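Here the structure comes first, spelled out in structure tokens, and everything after it is commentary.
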Amino acid sequence: MIRLTANVLYSTLSLLKVVKEKNYDDYQQLCYLSLSSSICAEDILALCIKCCWINVTENKKVILSSKMQDLLDLFKFGDLSPDVVRNLIYDYAFYCKPTWLSLVSKGRKESYIFLSDDEKNCFDIAGLMEDIPNEQVVAWWDRLANLSRSRQNQQKNDIGRLGERLTLKYEFNRTNHKPKWVAIESNILGYDVLSQVDAENSEKILIEVKTSQRNLEDAVFYVSKNEWQIALKAKNYFFYLWLLFGKNNCLAVVPTELIKKHIPINNNEGAWQSVEIKYSAFRELFQNIDSIILK
């Protein structure tokens with residue numbers, strides 16, 4: 001995918017301005033159109049499709065999105081207005097998912113320092129790094145930060161669901177009984193999977209699943225106060241720590257008593273709600289799980 005530069009944004013607007021004003025909508029011909037820059041028109045069109053600025057019909061006709069048509073009304077050849085550039089950068093972040101997007105939720109400075117020089121130039125043109133930003137710029141950053149958090153939450157949710165599915169397969173192979181995936185029904189019960197002790201013993205066990213795709217030294221998991229309260233009340237409660245790093249699927253089955261020393265206590269008016277615990281605290285419990293078992 002083409003990188004974000006001021007030249008790319010200007011070439012994009014210039015090319016689509018031709019489409020809008022001259023009804024020059026033949027995709028194949030547009031691909032060979034000579035631009036003032038050294039950028040290939042076909043690459044520009046690929047970016048436009050990716051960012052949903054245009055749609056290409058079955059008969060290869062280019063149709064501008066309504067948003068792009070509005071932006072082109074504001075665009076003048078030889079000029080990049082901050083408002084137009086802000087809109088393009090947001091769409092680029094939304095659809096192309098650049099690596100810096102994950103840092104936006106930490107603040108604009110934290111993400112800006114990781115931009116390339118070309119990307120920084122685009123942000124500067126858009127007026128996004130002014131010392132005292134106006135309301136439009138603040139709203140833009142807040143909107144992008146919400147997008148960043150949403151993407152991070154979705155990624156965490158996907159990783160968590162993967163660990164829960166692996167647990168279901170693991171428990172079925174271990175007990176020869178189908179476990180119940182309670183987390184899909186409710187996220188306030190304090191555990192994710194309901195299984196049984198073994199193939200012969202039908203006594204129930206509660207399983208809270210934690211999953212990480214980091215290496216052992218960097219991986220952490222969080223225990224909520226609600227999960228811990230349920231763990232203390234249950235007769236059989238286990239934390240299943242999945243470590244999915246590289247090609248290995250590793251699992252540590254951790255009983256409540258081994259978690260206890262890592263749980264904080266309330267102090268005066270302070271009450272804990274969640275605690276971060278390192279996977280490496282249970283390194284001796286991790287075992288490689290044969291991928292064949294999990295098929």
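Identifiers in the structure tokens: chain A, B, ... in order shown; residue index from 1 per chain; ligand index from 1 in order shown.
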Quick one: everything within 9 Å of segment 193-197 of chain A, counting only C-alpha atoms, minus sequence neighbours fewer than 6 positions away in the same chain. Send it as a ChimeraX atom specification. /A:164,167-168,171-172,175,177-183,203-209,236
C-alpha atoms of the current selection, written as an mmCIF file, in the first residue's frame:
```
data_model
loop_
_atom_site.group_PDB
_atom_site.id
_atom_site.type_symbol
_atom_site.label_atom_id
_atom_site.label_comp_id
_atom_site.auth_asym_id
_atom_site.auth_seq_id
_atom_site.Cartn_x
_atom_site.Cartn_y
_atom_site.Cartn_z
ATOM 1 C CA GLU A 164 -11.673 -19.574 25.121
ATOM 2 C CA THR A 167 -10.020 -24.142 26.221
ATOM 3 C CA LEU A 168 -13.242 -25.694 24.937
ATOM 4 C CA GLU A 171 -11.434 -29.627 27.951
ATOM 5 C CA PHE A 172 -13.383 -31.839 25.563
ATOM 6 C CA THR A 175 -12.763 -35.039 29.886
ATOM 7 C CA HIS A 177 -17.466 -34.225 27.847
ATOM 8 C CA LYS A 178 -18.552 -31.047 26.120
ATOM 9 C CA PRO A 179 -17.829 -28.008 28.338
ATOM 10 C CA LYS A 180 -20.129 -24.999 28.512
ATOM 11 C CA TRP A 181 -18.939 -21.704 27.066
ATOM 12 C CA VAL A 182 -20.534 -19.351 29.587
ATOM 13 C CA ALA A 183 -18.529 -16.257 28.574
ATOM 14 C CA GLU A 203 -18.009 -32.429 39.652
ATOM 15 C CA LYS A 204 -17.954 -28.980 38.071
ATOM 16 C CA ILE A 205 -14.906 -26.770 37.668
ATOM 17 C CA LEU A 206 -14.942 -23.070 36.818
ATOM 18 C CA ILE A 207 -12.307 -21.859 34.377
ATOM 19 C CA GLU A 208 -11.219 -18.268 33.860
ATOM 20 C CA VAL A 209 -9.309 -18.015 30.571
ATOM 21 C CA ASN A 236 -12.914 -25.871 41.927
#
```
Test item: residues at most 12 Å from Pro264 of chain A, only C-alpha atoms, excluding those fewer than 5 positions along its chain, as a ChimeraX atom specification: /A:223-225,228,259,270-277
Write out as a CSV table (one decimal) with N, CA and C atoms, in the first residue's frame each polymer residue whose atoms come within 9 Å of Leu30 of chain A, counting only C-alpha atoms; drop sequence neighbours fewer than 2 positions from it.
```csv
chain,number,residue,atom,x,y,z
A,15,LEU,N,-6.3,14.1,-8.9
A,15,LEU,CA,-6.8,13.1,-9.8
A,15,LEU,C,-8.3,13.0,-9.7
A,19,VAL,N,-11.9,13.6,-12.2
A,19,VAL,CA,-13.0,12.7,-12.3
A,19,VAL,C,-14.3,13.5,-12.1
A,24,TYR,N,-14.4,12.3,-16.1
A,24,TYR,CA,-13.4,11.4,-16.7
A,24,TYR,C,-13.4,10.2,-15.7
A,25,ASP,N,-14.3,9.2,-16.0
A,25,ASP,CA,-14.5,8.1,-15.0
A,25,ASP,C,-14.1,6.7,-15.4
A,26,ASP,N,-13.4,6.6,-16.5
A,26,ASP,CA,-12.9,5.3,-17.0
A,26,ASP,C,-11.7,4.9,-16.2
A,27,TYR,N,-11.9,3.8,-15.4
A,27,TYR,CA,-10.8,3.4,-14.5
A,27,TYR,C,-9.6,3.0,-15.2
A,28,GLN,N,-9.7,2.3,-16.3
A,28,GLN,CA,-8.5,1.8,-17.0
A,28,GLN,C,-7.7,3.0,-17.6
A,32,TYR,N,-3.6,5.1,-16.3
A,32,TYR,CA,-2.5,5.5,-17.2
A,32,TYR,C,-2.3,7.0,-17.3
A,33,LEU,N,-3.1,7.7,-16.5
A,33,LEU,CA,-3.1,9.2,-16.5
A,33,LEU,C,-1.8,9.7,-15.9
A,34,SER,N,-1.2,10.6,-16.6
A,34,SER,CA,0.1,11.1,-16.1
A,34,SER,C,-0.1,12.2,-15.1
A,41,ALA,N,-0.5,6.7,-11.1
A,41,ALA,CA,-2.0,7.0,-10.9
A,41,ALA,C,-2.7,5.7,-10.5
A,42,GLU,N,-2.2,4.5,-10.9
A,42,GLU,CA,-2.8,3.3,-10.5
A,42,GLU,C,-2.7,3.1,-9.0
A,45,LEU,N,-5.2,5.3,-7.2
A,45,LEU,CA,-6.5,4.8,-7.3
A,45,LEU,C,-6.7,3.6,-6.4
```
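Reported to one decimal place, the separation of atom CA of Leu88 of chain A from atom CA of Gly127 of chain A is 13.1 Å.
The protein and nucleic acid residues lying at most 12 Å from Tyr10 of chain A are Leu4, Thr5, Leu15, Leu16, Lys17, Leu35, Ser36, Ser37, Ile39, Ile44, Leu72, Phe75, Lys76, Phe77, Gly78, Asp79, Leu80, Ser81, Val84, Val85, Leu88, Cys122 and Ile125 of chain A, with only C-alpha atoms considered and sequence neighbours fewer than 5 positions away removed.
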Step one, run DSSP on the backbone; step two, keep only residues of segment 8-143 of chain A assigned to strand (DSSP E or B); then write them as a VMD selection string. chain A and resid 26 54 to 56 61 to 64
With N, CA and C atoms retained, write the just-selected residues as a tab-separated table (two decimals), in the first residue's frame.
```tsv
chain	number	residue	atom	x	y	z
A	26	ASP	N	-13.38	6.62	-16.53
A	26	ASP	CA	-12.94	5.31	-16.99
A	26	ASP	C	-11.72	4.86	-16.18
A	54	ILE	N	-13.53	6.14	-3.53
A	54	ILE	CA	-14.16	5.84	-4.81
A	54	ILE	C	-14.67	4.41	-4.79
A	55	ASN	N	-15.56	4.13	-5.70
A	55	ASN	CA	-16.02	2.78	-5.95
A	55	ASN	C	-15.90	2.52	-7.45
A	56	VAL	N	-15.43	1.33	-7.81
A	56	VAL	CA	-15.27	0.98	-9.22
A	56	VAL	C	-16.34	-0.05	-9.57
A	61	LYS	N	-16.19	1.76	-14.19
A	61	LYS	CA	-16.46	3.18	-14.06
A	61	LYS	C	-16.20	3.61	-12.62
A	62	VAL	N	-15.57	4.76	-12.46
A	62	VAL	CA	-15.22	5.28	-11.14
A	62	VAL	C	-16.35	6.17	-10.62
A	63	ILE	N	-16.81	5.86	-9.41
A	63	ILE	CA	-17.85	6.66	-8.77
A	63	ILE	C	-17.27	7.24	-7.47
A	64	LEU	N	-17.36	8.54	-7.32
A	64	LEU	CA	-16.85	9.19	-6.12
A	64	LEU	C	-17.82	9.00	-4.96
```
Going by DSSP on the backbone, which bits of segment 42-250 of chain A are helix (DSSP H, G or I)? Write them as number ranges by chain, please. A: 42-50, 66-74, 82-96, 99-106, 108-112, 117-125, 135-175, 182-184, 225-233
Residues within 12 Å of Pro98 of chain A, only C-alpha atoms, excluding chain neighbours under 6 positions, as a ChimeraX atom specification: /A:1-4,89-92,104,111,114-116,119,148,151
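Candidate residues A:Leu189, A:Cys96, A:Val18, A:Ile289 were compared for distance to Tyr170 of chain A, and the nearest is A:Ile289, using only C-alpha atoms.
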